[in-house]
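Written out below as C-alpha cells is the structure these notes cover.
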Amino acid sequence: MTQLLPFKVGYETYALKLNDVQEVVENQTLHDFPTAPDIVAGAISFHGRIVPVVDLARLLGFPLGKIGQRLIVLVNQRGPVALGVDVVRAVINIEMNQMNQMEDFAERNYISNVINYGGEMMSLFDLDHLQRELELICLQAGGERC
Amino acid sequence: MDVLKFREMFLAEAAEHLQMMVDILVQLDSDPEDQDGIDALFREAHSIKGMAATMEYAETARLAHHLEDRLDICRKQGRISGVEIDWLLEANDLLKLLLEDIRNDSTERSIESFLGTIPQESEACPPLEGKADGPLECDQGQQIQLRLRDTVVAPGARFMVLLKRFSDFGTVLGSTPSAEELLQGGESLHLAVTLKSDLFQQQIHDQLLKYSEVEEITFVDEAEVKKEKQPEKRPSGKTVRVSTELLDHFINLTGELITNRNQLQNALRERQWEELDDGVGQLVRLVKNLHHQVLQVRMVSLQGLTGRLSRTVRDLARNHKKEIEFQVVGAEIELDRAIVEELTDPLVHMIRNAIDHGIEEKGTITLKAWRERDQVLVQVADDGCGIDPDKIRQRALEKGLLNPSQAQTIRDYDLFQLICQPGFSTADEISETSGRGVGMDVVKTAIERVGGLLLIDSSPGEGARITLKLPISLAIIRVLIVECDGSWMAMPITRVVQTVEISPDEVQSSGKQLMINYQDELLPMLSLRKILKRPQGSPPETIPLVVTEVMGRKVGLVVDRLVGQREVFIQRLPAPFDQIRGCNGGTILGDGQIVFLLDLQSLFERRRS
C-alpha cells in the first residue's frame, strides 16, 4: 500500500508519494528572490529556513495561478524546496500494481507513471526529473528575468 | 574514552607541536644562536616522542627521538646551522606524513632511508628518494619474485635450495609460499621472497642467474607495493580546541539562562507584566552574550598561518637566490576559522608574486593585520620595484579591457585593479610583459567568496601593497539593506565603499553612460533595477547611491532606497538554488522577512559573458 498526495496544477491532477512530502502549507508570505530564474516564484520562511518556491504552473506551461496559497514542502533530502500548486486534495491509499499503472507517459516530462485511481487518471510526478531540471535552470540563471 | 578518541587527540596535539617547530625553525634561521629557541625546539621534539611512545607509534617515536639527539648536539654547540635547519624541516615533513599514516590507519612508513641522511656540512643529499640500485637495507626488506621454467620437475624442492641461498645474501624476512609449505611439496612455479641484505640488487641478480632453472627475477619496488596498499585518504575531522575558560563561560551562561527562564515563567503565571519586561530584557542581554561567545569558539588567530608563510618565503628566497626578510605585524588578530582557511592560498600566492616580480635581489615583505571596526585588514607589502602602470596600461589595451581614451584618463589606482581581471595575463607571458599578476583573479575570487575586498596599491620604486578587507565572521555579517522595486536586498558591508544621496542635477552623461562626480572622480552610474531587469521607477527627488566596486572599478549603484545596516545570520540556500549567480545566500530578519544577499560581481560577470 502506498500513500499518495494528489494535487492539481492547471487542468492536470498529479500525485506525489507522501514519503517525499514534509508539509503542506497555506497562505504563506512569498518573498522576492531577486536573482532567481522565473520558474522560482520566490521563497518562504519555513521553520527558520529559507525555502525556495517553484512555480509548477509556469514550469509545466499552464496558465499562471495565484502562487503562495498552497505550497507542498518536500522533505529536506529534496532541497528543501516548496512546490506551488493550485489545489491539494486528501491523501489516498493505493496498491501500486500493474492494474492501475499505465505506461503511456513517455511523451511527457515530469511524469514517471500514470495511475488509474477508481477511474480517475493521475500522473505520478517525477521528482528526480524535477531535480535535474532545476539544477540545469539554476546553473544558467543569474539576474535574467523573462 | 576509546583508542580512536585518544588517537584524534594525539594527532591534533602532535600537529600543533610540529607547527610550533616550523615556526621556531624559521625564526632560528635568522638567529641561529638563539639558545631559548633551540631549547624550545628540543622540548617540542621531546613532547612528540613522549606522546608517540605512549601511543606505541614506533616509527614516529623513533624519528622524534633522532630529532631530540640532533637538537641535543645543537644545544651543546650553542648554535644551529642552516643545513641542520633544512634537515629538521625535512624531518618535520616526514613526521607529518607519519601522522597522516596514523590517521589513515595504515602502517607507519619506514624512516630508515631518511635517517641515513643525518645532516653533514656538505651538499645535503635529497632524502626519501628510492635508490635505484642500493643495498637492500631498509627495515621491511625488499621483495624479490622468482619464476621457474615450466620444465622443472619438483619446483618445491628447487625453491627450498634457492631459499637457503637467499639466506646467504642476508636475512630472509619471509616468503610466499613459506618454507613449510614448500617442504610439503608446493607445485607453484612462483616464489616471492622478502629479503634484508647489505648486497646490491645487481649482485643478488647475478648470483641467482647461476641457477639455470630460474627463468625470471623481479625486484619489486617497495614503494610500488605500498602505493597499491595505501587506502583512500581519510578526511581529517574538523576539530576545534576550546579553552576551558571559554567552556566555563558557556556553563555560566546556561545557568543564567535557566534562571531567566524561571523568572519569565513565573512572571507569565502571575501576569506580572513589569517582571516579564525585565525578563525579556535579560534574555536579550544573555542571547547577545551567547552569540558573542559562540563566535569566539570559531575564532583563530593568524598565528597558525604565519609559520607556513615564513617557510614559503624562506624556500622561495632560496630558490630565487634572493635575500628576503619577512616581517609579521598583528599575527594575534583573530578571524573566523573558515576565513583563515580560505586565506592561506591567496596569501601564499601574493607572497610568491612579491618574490617573483616585486623584489629584485634583496628586500622585505611585510604581512600586517589589524582591525578596523568590524573588519579585519590584512596587507602584504613589499619594498620591491613596484608595479609599472604603463605596462599594465599597454597590456589592458592589448587585451581590449580599455579603449584608447579610457587608457589615457584612467587613474593608476583603477589601473592596478585590472590586474585581477580574469585572463588579464597568463602565467607564461606575465614575467616578461607586465611583471606581476599571476593568478590574481584567483586570489580576488577567493577573497570575495568570503565577502572580502581586495585593493592594490603601488608606486614605482616603492613596492606594492595588496590589502584585503575581510569580515570577522562568515556566518554573521554586517550588511547594507537597500530597496529595489519594492523588495529589500542586502550586500555585505565589506563590499560597500560608501553610501551617498545625490541630486539629479549632479548626474553627468558621457555618451550613453550616466556618470557622477564622486570625490573628484567620475564614476559610472548603474541602476540596480536595470541589472535585475525590473521596470523603471519614477524619477526620485534625490538619488540614493551605493558606491561599490565591481570588476575592479568603483561604480555608483542606484537603488530605490537605502534602508540601513543590520547584523544578520546568512543562510546558504539549498542546492541547486545555491548555484544561482548573483546571490550568496539569504537571511530572515526579525519580522520574518527574507532578504537575499546580492553578489554584484557575479551578476556583472553574467552580463558580460
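Letters A, B, ... mark the chains of the C-alpha cells in the order given; residue numbers begin at 1 per chain; ligand numbers begin at 1, in order shown.
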
Checklist entry - Which chain B residues are at most 9 Å from chain A (counting only C-alpha atoms), as a ChimeraX atom specification? => result /B:487-489,531-534,571-583,586-588,592-596,598,602-603,606-607

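Across the model, the gap from atom CA of Gln303 of chain B to atom CA of Trp370 of chain B is 13.1 Å.
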
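The interatomic distance for the pair atom CA of Asn319 of chain B and atom CA of Leu305 of chain B works out to 21.4 Å.
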
Checklist entry - Neighbours of Val24 of chain A within 7 Å (only C-alpha atoms; same-chain residues fewer than 6 positions away dropped), as JSON, numbers by chain? => result {"A": [71, 72, 73]}

Mind writing the picked residues with N, CA, C and O atoms as a short mmCIF file (atom, residue, chain, number, x, y, z; two decimals), in the first residue's frame?
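selection_9.cif written:
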data_model
loop_
_atom_site.label_atom_id
_atom_site.label_comp_id
_atom_site.auth_asym_id
_atom_site.auth_seq_id
_atom_site.Cartn_x
_atom_site.Cartn_y
_atom_site.Cartn_z
N LEU A 71 1.19 25.42 -0.86
CA LEU A 71 2.56 25.01 -1.17
C LEU A 71 2.82 23.63 -0.58
O LEU A 71 2.42 23.35 0.55
N ILE A 72 3.46 22.78 -1.35
CA ILE A 72 3.87 21.48 -0.83
C ILE A 72 5.37 21.56 -0.58
O ILE A 72 6.16 21.77 -1.51
N VAL A 73 5.75 21.44 0.69
CA VAL A 73 7.18 21.49 1.02
C VAL A 73 7.71 20.06 0.98
O VAL A 73 7.21 19.18 1.68
#

Item to check | Residue contacts of Glu216 of chain B (7 Å, only C-alpha atoms) excluding same-chain residues fewer than 5 positions away, as a ChimeraX atom specification | outcome: /B:146-148

Residues of the last selection are to be written out with N, CA, C and O atoms, as an mmCIF file, in the first residue's frame.
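Output below, filename selection33.cif:
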data_model
loop_
_atom_site.group_PDB
_atom_site.id
_atom_site.type_symbol
_atom_site.label_atom_id
_atom_site.label_comp_id
_atom_site.auth_asym_id
_atom_site.auth_seq_id
_atom_site.Cartn_x
_atom_site.Cartn_y
_atom_site.Cartn_z
ATOM 1 N N LEU B 146 60.546 -14.711 -8.048
ATOM 2 C CA LEU B 146 61.221 -15.660 -8.938
ATOM 3 C C LEU B 146 60.195 -16.490 -9.674
ATOM 4 O O LEU B 146 59.141 -16.815 -9.129
ATOM 5 N N ARG B 147 60.510 -16.791 -10.915
ATOM 6 C CA ARG B 147 59.662 -17.738 -11.632
ATOM 7 C C ARG B 147 60.558 -18.821 -12.243
ATOM 8 O O ARG B 147 61.612 -18.522 -12.822
ATOM 9 N N LEU B 148 60.149 -20.068 -12.063
ATOM 10 C CA LEU B 148 60.945 -21.189 -12.592
ATOM 11 C C LEU B 148 60.445 -21.589 -13.975
ATOM 12 O O LEU B 148 59.321 -21.279 -14.352
#
